[in-house]
file upload.tsv (TSV, C-alpha atoms)
chain	number	residue	atom	x	y	z
A	61	MET	CA	43.51	132.11	131.18
A	62	LYS	CA	40.02	131.03	130.27
A	63	ALA	CA	38.89	127.47	130.67
A	64	ARG	CA	35.73	125.73	129.65
A	65	VAL	CA	34.53	122.64	131.45
A	66	VAL	CA	31.99	120.20	130.07
A	67	VAL	CA	30.48	117.72	132.51
A	68	THR	CA	28.44	114.80	131.16
A	69	PRO	CA	26.73	111.83	132.81
A	70	LYS	CA	28.59	108.54	132.41
A	71	ALA	CA	27.16	106.09	129.89
A	72	ALA	CA	26.00	103.70	132.63
A	73	VAL	CA	24.04	106.42	134.43
A	74	LEU	CA	20.36	106.83	133.65
A	75	ASP	CA	19.76	110.26	132.05
A	76	PRO	CA	15.97	110.72	132.03
A	77	GLN	CA	16.32	114.39	131.05
A	78	GLY	CA	18.25	113.41	127.95
A	79	ALA	CA	15.68	110.73	127.12
A	80	ALA	CA	12.81	113.24	127.45
A	81	VAL	CA	14.55	115.78	125.23
A	82	LYS	CA	15.35	113.10	122.66
A	83	GLU	CA	11.68	112.22	122.49
A	84	ALA	CA	10.73	115.87	122.02
A	85	MET	CA	13.29	116.18	119.20
A	86	GLN	CA	11.81	113.14	117.50
A	87	HIS	CA	8.30	114.61	117.86
A	88	LEU	CA	9.55	117.82	116.29
A	89	GLY	CA	10.43	116.07	113.06
A	90	MET	CA	13.89	114.74	113.80
A	91	PRO	CA	13.45	110.95	114.00
A	92	GLU	CA	17.17	110.64	113.19
A	93	VAL	CA	18.11	111.65	116.75
A	94	LYS	CA	19.48	108.51	118.36
A	95	ASN	CA	20.60	109.64	121.76
A	96	VAL	CA	20.79	112.79	123.89
A	97	ARG	CA	22.83	113.23	127.06
A	98	ILE	CA	22.44	116.37	129.13
A	99	GLY	CA	25.35	117.73	131.10
A	100	LYS	CA	26.74	121.02	132.38
A	101	TYR	CA	28.92	123.67	130.86
A	102	LEU	CA	31.10	126.05	132.86
A	103	GLU	CA	33.16	129.02	131.75
A	104	ILE	CA	35.98	129.82	134.13
A	105	ASP	CA	38.16	132.92	134.15
A	106	VAL	CA	41.37	132.57	136.16
A	107	ASN	CA	44.42	134.72	136.78
A	108	GLY	CA	47.41	132.68	135.71
A	109	ASP	CA	48.38	130.14	133.14
A	110	GLY	CA	50.64	127.20	132.49
A	111	ALA	CA	50.83	123.52	133.31
A	112	GLU	CA	50.57	123.97	137.06
A	113	MET	CA	47.38	126.00	136.73
A	114	GLU	CA	45.99	123.35	134.44
A	115	GLN	CA	46.76	120.65	137.00
A	116	ARG	CA	44.97	122.65	139.67
A	117	LEU	CA	41.96	123.12	137.42
A	118	HIS	CA	41.87	119.37	136.78
A	119	LYS	CA	41.85	118.82	140.53
A	120	LEU	CA	38.90	121.23	140.85
A	121	CYS	CA	37.09	119.35	138.11
A	122	ARG	CA	37.57	116.06	139.94
A	123	ASP	CA	36.84	117.33	143.47
A	124	LEU	CA	34.02	119.81	142.90
A	125	LEU	CA	32.78	120.36	139.36
A	126	SER	CA	32.13	116.71	138.57
A	127	ASN	CA	31.34	113.63	140.61
A	128	PRO	CA	33.52	110.83	139.20
A	129	VAL	CA	30.98	108.22	140.31
A	130	ILE	CA	28.38	109.47	137.84
A	131	GLU	CA	30.05	112.01	135.56
A	132	ASP	CA	32.94	112.54	133.16
A	133	TYR	CA	34.45	115.93	132.47
A	134	GLN	CA	36.44	117.62	129.75
A	135	LEU	CA	38.64	120.61	130.45
A	136	LEU	CA	39.19	122.85	127.43
A	137	LYS	CA	41.64	125.75	127.48
A	138	GLU	CA	41.26	128.89	125.44
B	209	MET	CA	22.16	111.06	174.56
B	210	LYS	CA	23.08	114.18	172.62
B	211	PHE	CA	22.46	114.51	168.89
B	212	ALA	CA	23.76	117.33	166.69
B	213	VAL	CA	21.54	118.43	163.79
B	214	VAL	CA	23.69	120.23	161.23
B	215	GLN	CA	22.12	123.27	159.56
B	216	PHE	CA	23.35	124.15	156.08
B	217	PRO	CA	22.01	127.18	154.26
B	218	GLY	CA	19.03	125.60	152.54
B	219	SER	CA	18.40	122.78	155.01
B	220	ASN	CA	14.65	122.56	155.58
B	221	CYS	CA	14.20	119.42	157.68
B	222	ASP	CA	16.43	120.61	160.50
B	223	GLN	CA	13.39	121.51	162.60
B	224	ASP	CA	11.71	118.19	161.83
B	225	CYS	CA	14.82	116.32	162.96
B	226	LEU	CA	15.27	118.40	166.10
B	227	ARG	CA	11.63	117.97	167.07
B	228	ALA	CA	11.57	114.26	166.33
B	229	ILE	CA	14.68	113.59	168.42
B	230	ASN	CA	13.70	115.89	171.29
B	231	GLY	CA	10.34	114.12	171.46
B	232	LEU	CA	12.00	110.83	172.38
B	233	ALA	CA	12.71	109.95	176.00
B	234	GLY	CA	16.40	110.19	176.87
B	235	LEU	CA	17.39	111.88	173.61
B	236	SER	CA	18.14	115.51	173.04
B	237	ALA	CA	19.14	117.41	169.92
B	238	GLN	CA	20.81	120.71	169.25
B	239	TYR	CA	21.44	122.66	166.06
B	240	ILE	CA	24.99	123.04	164.79
B	241	TRP	CA	25.54	125.73	162.15
B	242	HIS	CA	27.56	124.47	159.19
B	243	LYS	CA	30.32	127.03	159.85
B	244	GLU	CA	31.07	125.43	163.23
B	245	THR	CA	34.12	123.21	163.39
B	246	SER	CA	33.54	121.08	166.48
B	247	LEU	CA	31.18	118.27	167.39
B	248	THR	CA	32.70	117.75	170.81
B	249	GLY	CA	30.16	116.51	173.32
B	250	PHE	CA	27.76	115.04	170.76
B	251	ASP	CA	27.09	111.32	170.66
B	252	ALA	CA	25.65	111.33	167.15
B	253	VAL	CA	25.30	113.63	164.14
B	254	VAL	CA	22.34	114.10	161.81
B	255	LEU	CA	22.58	115.75	158.39
B	256	PRO	CA	18.99	116.75	157.66
B	257	GLY	CA	17.01	116.98	154.45
B	258	GLY	CA	16.53	120.08	152.35
B	259	PHE	CA	18.39	121.79	149.57
B	260	ALA	CA	21.77	122.75	150.99
B	261	TYR	CA	23.20	125.57	148.87
B	262	GLY	CA	20.14	125.31	146.64
B	263	ASP	CA	21.45	122.00	145.24
B	264	TYR	CA	23.69	124.13	143.00
B	265	LEU	CA	26.09	122.15	140.80
B	266	ARG	CA	24.90	118.81	142.24
B	267	CYS	CA	22.94	117.91	145.37
B	268	GLY	CA	25.35	118.06	148.29
B	269	ALA	CA	28.32	119.08	146.13
B	270	ILE	CA	28.93	122.40	147.86
B	271	ALA	CA	27.67	121.48	151.32
B	272	ARG	CA	30.33	118.82	151.45
B	273	PHE	CA	32.96	121.59	151.66
B	274	SER	CA	31.26	123.38	154.58
B	275	PRO	CA	33.61	123.80	157.58
B	276	ILE	CA	31.65	121.35	159.77
B	277	MET	CA	32.17	118.54	157.26
B	278	ASN	CA	35.83	118.00	158.20
B	279	GLU	CA	34.63	117.38	161.74
B	280	VAL	CA	31.78	115.12	160.54
B	281	ILE	CA	34.35	113.08	158.60
B	282	ARG	CA	36.64	112.97	161.64
B	283	VAL	CA	33.96	111.74	164.06
B	284	ALA	CA	32.74	109.23	161.47
B	285	LYS	CA	36.28	107.81	161.20
B	286	GLU	CA	36.35	107.68	164.98
B	287	GLY	CA	33.27	105.46	164.94
B	288	ARG	CA	30.57	107.86	166.08
B	289	LEU	CA	27.14	107.49	164.48
B	290	VAL	CA	26.34	109.74	161.51
B	291	LEU	CA	22.88	109.74	159.94
B	292	GLY	CA	22.05	111.50	156.67
B	293	THR	CA	18.42	111.73	155.60
B	294	CYS	CA	17.42	112.78	152.09
B	295	ASN	CA	19.68	115.74	151.24
B	296	GLY	CA	21.89	114.58	154.13
B	297	PHE	CA	22.35	111.25	152.32
B	298	GLN	CA	23.39	113.15	149.20
B	299	VAL	CA	25.92	115.14	151.23
B	300	LEU	CA	27.37	111.94	152.75
B	301	CYS	CA	27.85	110.44	149.27
B	302	GLU	CA	29.47	113.62	147.96
B	303	ALA	CA	31.76	113.69	151.00
B	304	GLY	CA	32.88	110.14	150.29
B	305	LEU	CA	31.55	108.82	153.61
B	306	LEU	CA	29.18	106.58	151.65
B	307	PRO	CA	29.73	105.04	148.21
B	308	GLY	CA	27.59	105.74	145.15
B	309	ALA	CA	25.60	108.81	144.24
B	310	LEU	CA	22.01	110.06	143.96
B	311	VAL	CA	20.79	111.22	140.57
B	312	ARG	CA	17.58	112.56	139.03
B	313	ASN	CA	14.51	110.37	139.59
B	314	ARG	CA	13.79	108.02	136.71
B	315	GLY	CA	10.41	109.66	136.05
B	316	LEU	CA	11.89	113.20	136.26
B	317	ARG	CA	9.24	114.19	138.79
B	318	PHE	CA	9.71	115.33	142.35
B	319	ILE	CA	8.07	112.58	144.41
B	320	CYS	CA	6.27	113.29	147.67
B	321	ASP	CA	4.71	110.08	148.91
B	322	MET	CA	4.72	107.35	151.54
B	323	ALA	CA	7.15	104.52	150.88
B	324	THR	CA	7.30	101.01	152.24
B	325	LEU	CA	10.80	99.89	153.09
B	326	ARG	CA	12.20	96.47	153.84
B	327	VAL	CA	14.94	96.16	156.42
B	328	GLU	CA	17.75	94.23	154.77
B	329	LEU	CA	20.29	94.62	157.53
B	330	PRO	CA	18.83	93.60	160.87
B	331	ASP	CA	20.44	94.67	164.08
B	332	SER	CA	22.76	97.32	162.69
B	333	ALA	CA	23.46	100.38	164.81
B	334	PHE	CA	20.50	102.02	163.06
B	335	THR	CA	18.19	98.99	162.99
B	336	HIS	CA	18.82	97.68	166.48
B	337	GLY	CA	16.45	94.85	167.29
B	338	PHE	CA	14.72	94.87	163.92
B	339	ALA	CA	14.10	91.46	162.38
B	340	GLN	CA	15.27	90.80	158.82
B	341	GLY	CA	12.48	91.79	156.47
B	342	THR	CA	10.73	94.14	158.90
B	343	LEU	CA	8.63	96.61	156.92
B	344	LEU	CA	8.77	100.32	157.70
B	345	ARG	CA	6.59	103.14	156.41
B	346	MET	CA	8.22	106.51	155.93
B	347	PRO	CA	7.61	109.49	153.66
B	348	ILE	CA	9.88	110.30	150.74
B	349	ALA	CA	10.18	113.77	149.22
B	350	HIS	CA	12.87	114.16	146.59
B	351	GLY	CA	13.62	114.95	142.98
B	352	GLU	CA	17.06	113.39	142.97
B	353	GLY	CA	16.84	110.21	144.99
B	354	CYS	CA	17.72	107.60	142.40
B	355	PHE	CA	20.62	105.71	143.94
B	356	PHE	CA	23.39	104.81	141.53
B	357	ALA	CA	26.57	102.84	142.07
B	358	GLN	CA	28.98	101.32	139.62
B	359	THR	CA	28.83	97.53	139.25
B	360	GLU	CA	31.82	96.85	141.47
B	361	THR	CA	30.61	99.23	144.20
B	362	LEU	CA	27.19	97.61	144.09
B	363	ARG	CA	28.75	94.17	144.49
B	364	GLU	CA	30.75	95.39	147.48
B	365	LEU	CA	27.64	96.92	149.06
B	366	ASN	CA	25.82	93.60	148.76
B	367	ASP	CA	28.79	91.44	149.75
B	368	HIS	CA	29.48	93.45	152.88
B	369	GLY	CA	25.87	93.77	153.95
B	370	GLN	CA	25.75	97.52	153.56
B	371	VAL	CA	22.29	97.72	152.01
B	372	VAL	CA	20.06	98.66	154.94
B	373	LEU	CA	16.74	99.45	153.26
B	374	ARG	CA	15.06	98.66	149.95
B	375	TYR	CA	11.81	100.02	148.52
B	376	CYS	CA	9.18	97.28	148.46
B	377	ASP	CA	5.46	96.77	148.08
B	378	ALA	CA	2.98	96.34	150.94
B	379	ASN	CA	3.84	92.64	151.10
B	380	GLY	CA	7.56	93.21	151.34
B	381	ARG	CA	8.31	92.23	147.77
B	382	VAL	CA	11.14	94.18	146.16
B	383	THR	CA	9.73	94.75	142.67
B	384	PRO	CA	10.32	97.29	139.91
B	385	GLU	CA	6.78	98.63	140.51
B	386	ALA	CA	7.64	99.33	144.14
B	387	ASN	CA	10.67	101.36	143.10
B	388	PRO	CA	9.60	105.00	143.18
B	389	ASN	CA	12.64	106.66	141.64
B	390	GLY	CA	14.65	104.12	139.65
B	391	SER	CA	17.21	103.40	142.38
B	392	ILE	CA	19.49	100.54	141.46
B	393	GLU	CA	18.22	97.31	143.09
B	394	ASN	CA	15.53	99.35	144.88
B	395	ILE	CA	18.12	100.68	147.32
B	396	ALA	CA	16.67	103.27	149.71
B	397	GLY	CA	19.45	103.38	152.30
B	398	ILE	CA	23.00	102.16	152.78
B	399	CYS	CA	25.59	102.20	155.53
B	400	SER	CA	29.35	102.43	155.58
B	401	ARG	CA	31.55	99.34	155.77
B	402	LYS	CA	32.03	99.89	159.51
B	403	GLY	CA	28.30	100.41	159.89
B	404	ASN	CA	28.42	103.74	161.73
B	405	VAL	CA	27.41	106.00	158.83
B	406	PHE	CA	23.90	105.58	157.43
B	407	GLY	CA	22.23	107.46	154.60
B	408	LEU	CA	18.66	107.07	153.40
B	409	MET	CA	16.34	109.00	151.10
B	410	PRO	CA	13.19	108.45	153.21
B	411	HIS	CA	12.49	110.77	156.15
B	412	PRO	CA	12.59	109.17	159.61
B	413	ASP	CA	12.13	112.71	160.96
B	414	ARG	CA	8.70	112.92	159.30
B	415	ALA	CA	7.62	109.55	160.67
B	416	SER	CA	8.22	110.15	164.35
B	417	ASP	CA	4.80	111.28	165.54
B	418	ARG	CA	1.67	109.14	165.62
B	419	ARG	CA	-0.41	112.23	164.85
B	420	LEU	CA	1.52	112.70	161.62
B	421	GLY	CA	0.99	109.21	160.30
B	422	GLY	CA	3.48	106.92	161.95
B	423	THR	CA	6.42	106.36	164.23
B	424	ASP	CA	8.60	104.00	162.23
B	425	GLY	CA	11.15	106.77	161.76
B	426	ALA	CA	11.53	107.24	165.50
B	427	LYS	CA	12.76	103.65	165.67
B	428	ILE	CA	15.86	104.69	163.74
B	429	PHE	CA	16.73	107.43	166.26
B	430	LEU	CA	15.94	105.11	169.20
B	431	SER	CA	18.08	102.40	167.65
B	432	MET	CA	21.00	104.82	167.40
B	433	ALA	CA	20.60	105.76	171.08
B	434	GLN	CA	20.38	102.11	172.09
B	435	SER	CA	23.53	101.25	170.14
B	436	ILE	CA	25.43	104.04	171.85
B	437	ALA	CA	24.07	103.01	175.28
B	438	ASP	CA	25.11	99.41	174.63
B	439	GLY	CA	28.60	100.51	173.67
B	440	ARG	CA	28.18	99.19	170.14
B	441	ALA	CA	28.73	102.66	168.80
B	442	ARG	CA	31.17	105.16	170.17
B	443	ALA	CA	29.80	107.85	172.47
B	444	ALA	CA	30.93	111.47	172.66
B	445	ALA	CA	34.56	112.00	173.57
call {"tool": "encode", "arguments": {"input": "upload.tsv", "output": "C-alpha cells"}}
result
Amino acid sequence: MKARVVVTPKAAVLDPQGAAVKEAMQHLGMPEVKNVRIGKYLEIDVNGDGAEMEQRLHKLCRDLLSNPVIEDYQLLKE
Amino acid sequence: MKFAVVQFPGSNCDQDCLRAINGLAGLSAQYIWHKETSLTGFDAVVLPGGFAYGDYLRCGAIARFSPIMNEVIRVAKEGRLVLGTCNGFQVLCEAGLLPGALVRNRGLRFICDMATLRVELPDSAFTHGFAQGTLLRMPIAHGEGCFFAQTETLRELNDHGQVVLRYCDANGRVTPEANPNGSIENIAGICSRKGNVFGLMPHPDRASDRRLGGTDGAKIFLSMAQSIADGRARAAA
C-alpha cells in the first residue's frame, strides 16, 4: 500500500518559518493570508495492507516521524 | 573517573568533549561509537554536539534509535550521570530521557555567540557547589535550540526544580532581550526528575580552556566527577 504522512507543528509551538513565509506572501500581493504553518510531507511505499499494517504505520508516525511534544500528524492511505 | 563520549555519525563536538574532559585532573574520556551496546566501566556518559544523522527528520530523531541509546537509557535509569550538550540535549529529549523538545530558533538564524547563564539549581550533580544565581559564560552554536514544553510539562519542570540554567543578561536578569533563541522562560538547560540526566544547549566543552575564552564549562565536568566521588551519583558498575 501507499501511505502519505503530513506532520505539522502544534498550534502552541512557535513556527518562525511559517511566519516568515506568511510575510513574504503578504508582500507578494496576498494580504488575505492569515496564517501559515510549515510541516513535513512523507510518501511511504510498503509491502502489505490492512488494519494491522495501518496500526504499525501509526506507531511509526508516533515514534519516529513526528514528535508528539511539538507536532501532530495525519496518516492518509491511498 | 571514566567518561564515555558517544560518537554518532555527524557528531562534531566529540573531540572538544574528549579534550575538555581529558584536560581535567582525575578525569579521563574515551570515545564510544554509536553502534556499541555497552557502557560497562564508564562512570558517566556525554552525548556531544553536532548534527547526528544530519539532523534529518528532526534533530536527534534518528540518533535516538542508535544501538548505544538503549544502553544510555539503561544506565540513566540506573542513576549514572548522563550529560547532553547541544545536539546531545536534542537527542536526550527525543529519547524521552528529558521532557520537552528543541525547535527552530525564534529568529530563524543559526546563532554562534557567547551566552550568559544563571544557575537556577544550585548543588545538583552537575552544579556541585555552585551558589544559586551563579553566572556562567559559555558559547552557544545552534539553529534549533529554542526549548519548548507544553504548559503542564513546564509547570512540572519548575515545581520539581528541574530547570538548571536560564539565559540572562550580564547582571543575571532573566529578560526577553537576554533570550537568544526564543526558549520558553529563557530555559537553557534542564535535568531529569532524579537529577542524573542533564541537557543544555550551551557548550561546556568549548568553555574548558582559559586560552579559548573561559573555563566555566569545565566546572560542569568537575561537578559531575565530584558528585560521583561523593557517592551522590552512581559510579560504574
call {"tool": "closest_residue", "arguments": {"input": "upload.tsv", "among": "A:Ala84, A:Leu102, A:Val93, A:Leu124", "to": "chain B", "atoms": "only C-alpha atoms"}}
result
A:Leu124
call {"tool": "residues_around", "arguments": {"input": "upload.tsv", "residues": "Glu138 of chain A", "least_positions_apart": "5", "cutoff": "9 Å", "atoms": "all atoms listed in the file", "output": "count of residues only"}}
result
4
call {"tool": "closest_atom_pairs", "arguments": {"input": "upload.tsv", "of": "chain B", "to": "chain A", "cutoff": "7 Å", "atoms": "only C-alpha atoms", "output": "Markdown table"}}
result
| residue | atom | partner | partner_atom | distance |
| --- | --- | --- | --- | --- |
| B:Ala269 | CA | A:Leu124 | CA | 6.6 |
| B:Gly308 | CA | A:Val129 | CA | 6.4 |
| B:Ala309 | CA | A:Val129 | CA | 6.7 |
| B:Arg314 | CA | A:Pro76 | CA | 5.8 |
| B:Gly315 | CA | A:Pro76 | CA | 6.9 |
| B:Leu316 | CA | A:Pro76 | CA | 6.4 |
call {"tool": "write_last_selection", "arguments": {"input": "upload.tsv", "atoms": "C-alpha atoms", "output": "PDB file, in the frame of the given file"}}
result
ATOM      1  CA  ALA B 269      28.320 119.080 146.130  1.00  0.00           C
ATOM      2  CA  GLY B 308      27.590 105.740 145.150  1.00  0.00           C
ATOM      3  CA  ALA B 309      25.600 108.810 144.240  1.00  0.00           C
ATOM      4  CA  ARG B 314      13.790 108.020 136.710  1.00  0.00           C
ATOM      5  CA  GLY B 315      10.410 109.660 136.050  1.00  0.00           C
ATOM      6  CA  LEU B 316      11.890 113.200 136.260  1.00  0.00           C
TER       7      LEU B 316
END
call {"tool": "atom_distance", "arguments": {"input": "upload.tsv", "atom1": "atom CA of Asn387 of chain B", "atom2": "atom CA of Val254 of chain B"}}
result
25.5 Å
call {"tool": "residues_around", "arguments": {"input": "upload.tsv", "residues": "Pro384 of chain B", "least_positions_apart": "2", "cutoff": "12 Å", "atoms": "all atoms listed in the file", "output": "PDB file with C-alpha atoms, in the frame of the given file"}}
result
ATOM      1  CA  ARG B 314      13.790 108.020 136.710  1.00  0.00           C
ATOM      2  CA  ARG B 374      15.060  98.660 149.950  1.00  0.00           C
ATOM      3  CA  TYR B 375      11.810 100.020 148.520  1.00  0.00           C
ATOM      4  CA  CYS B 376       9.180  97.280 148.460  1.00  0.00           C
ATOM      5  CA  ASP B 377       5.460  96.770 148.080  1.00  0.00           C
ATOM      6  CA  ARG B 381       8.310  92.230 147.770  1.00  0.00           C
ATOM      7  CA  VAL B 382      11.140  94.180 146.160  1.00  0.00           C
ATOM      8  CA  ALA B 386       7.640  99.330 144.140  1.00  0.00           C
ATOM      9  CA  ASN B 387      10.670 101.360 143.100  1.00  0.00           C
ATOM     10  CA  PRO B 388       9.600 105.000 143.180  1.00  0.00           C
ATOM     11  CA  ASN B 389      12.640 106.660 141.640  1.00  0.00           C
ATOM     12  CA  GLY B 390      14.650 104.120 139.650  1.00  0.00           C
ATOM     13  CA  SER B 391      17.210 103.400 142.380  1.00  0.00           C
ATOM     14  CA  ILE B 392      19.490 100.540 141.460  1.00  0.00           C
ATOM     15  CA  GLU B 393      18.220  97.310 143.090  1.00  0.00           C
ATOM     16  CA  ASN B 394      15.530  99.350 144.880  1.00  0.00           C
ATOM     17  CA  ILE B 395      18.120 100.680 147.320  1.00  0.00           C
TER      18      ILE B 395
END
call {"tool": "decode", "arguments": {"input": "upload.tsv", "residues": "chain A", "atoms": "C-alpha atoms", "output": "tab-separated table (two decimals), in the first residue's frame"}}
result
chain	number	residue	atom	x	y	z
A	61	MET	CA	0.00	0.00	0.00
A	62	LYS	CA	0.97	3.63	-0.28
A	63	ALA	CA	0.66	5.98	2.63
A	64	ARG	CA	1.13	9.70	2.90
A	65	VAL	CA	2.05	11.32	6.18
A	66	VAL	CA	1.65	15.00	6.93
A	67	VAL	CA	3.43	16.34	10.01
A	68	THR	CA	2.60	19.83	11.27
A	69	PRO	CA	3.74	21.87	14.27
A	70	LYS	CA	1.21	22.05	17.09
A	71	ALA	CA	-0.67	25.32	17.46
A	72	ALA	CA	1.15	26.22	20.68
A	73	VAL	CA	4.58	25.80	19.06
A	74	LEU	CA	6.29	28.85	17.60
A	75	ASP	CA	6.67	28.42	13.81
A	76	PRO	CA	9.03	31.21	12.71
A	77	GLN	CA	9.40	29.66	9.24
A	78	GLY	CA	5.66	29.84	8.72
A	79	ALA	CA	5.59	33.43	9.97
A	80	ALA	CA	8.39	34.43	7.56
A	81	VAL	CA	6.65	32.80	4.61
A	82	LYS	CA	3.35	34.43	5.55
A	83	GLU	CA	5.04	37.80	5.47
A	84	ALA	CA	6.54	37.08	2.06
A	85	MET	CA	3.10	36.07	0.75
A	86	GLN	CA	1.63	39.32	2.03
A	87	HIS	CA	4.45	41.28	0.36
A	88	LEU	CA	3.71	39.47	-2.88
A	89	GLY	CA	0.22	40.88	-3.04
A	90	MET	CA	-1.72	38.44	-0.90
A	91	PRO	CA	-2.66	40.43	2.23
A	92	GLU	CA	-5.52	37.96	2.75
A	93	VAL	CA	-3.10	35.31	4.03
A	94	LYS	CA	-3.83	35.00	7.74
A	95	ASN	CA	-1.58	32.21	8.88
A	96	VAL	CA	0.98	29.76	7.50
A	97	ARG	CA	2.29	26.65	9.25
A	98	ILE	CA	5.14	24.69	7.74
A	99	GLY	CA	5.39	20.96	8.26
A	100	LYS	CA	6.68	17.85	6.53
A	101	TYR	CA	5.23	15.53	3.95
A	102	LEU	CA	6.29	11.91	3.51
A	103	GLU	CA	5.32	9.38	0.87
A	104	ILE	CA	5.72	5.81	2.05
A	105	ASP	CA	5.57	2.67	-0.06
A	106	VAL	CA	5.05	-0.54	1.92
A	107	ASN	CA	4.51	-4.18	1.09
A	108	GLY	CA	1.26	-5.18	2.74
A	109	ASP	CA	-2.08	-3.75	3.60
A	110	GLY	CA	-4.91	-3.94	6.08
A	111	ALA	CA	-5.72	-2.76	9.56
A	112	GLU	CA	-2.66	-4.27	11.19
A	113	MET	CA	-0.33	-2.54	8.75
A	114	GLU	CA	-2.15	0.70	9.40
A	115	GLN	CA	-1.67	0.27	13.15
A	116	ARG	CA	2.03	-0.30	12.63
A	117	LEU	CA	2.30	2.79	10.45
A	118	HIS	CA	0.54	4.82	13.14
A	119	LYS	CA	3.12	3.57	15.63
A	120	LEU	CA	5.92	4.68	13.28
A	121	CYS	CA	4.29	8.08	12.98
A	122	ARG	CA	4.19	8.45	16.76
A	123	ASP	CA	7.65	7.02	17.50
A	124	LEU	CA	9.74	8.35	14.63
A	125	LEU	CA	8.06	10.52	12.02
A	126	SER	CA	6.57	13.02	14.44
A	127	ASN	CA	7.43	14.22	17.92
A	128	PRO	CA	4.14	14.34	19.86
A	129	VAL	CA	5.51	17.09	22.11
A	130	ILE	CA	5.65	19.58	19.25
A	131	GLU	CA	3.90	18.03	16.25
A	132	ASP	CA	0.66	16.48	15.05
A	133	TYR	CA	0.48	14.02	12.20
A	134	GLN	CA	-2.08	12.78	9.72
A	135	LEU	CA	-1.78	9.39	8.08
A	136	LEU	CA	-3.53	9.17	4.70
A	137	LYS	CA	-3.88	5.89	2.82
A	138	GLU	CA	-4.05	5.59	-0.92
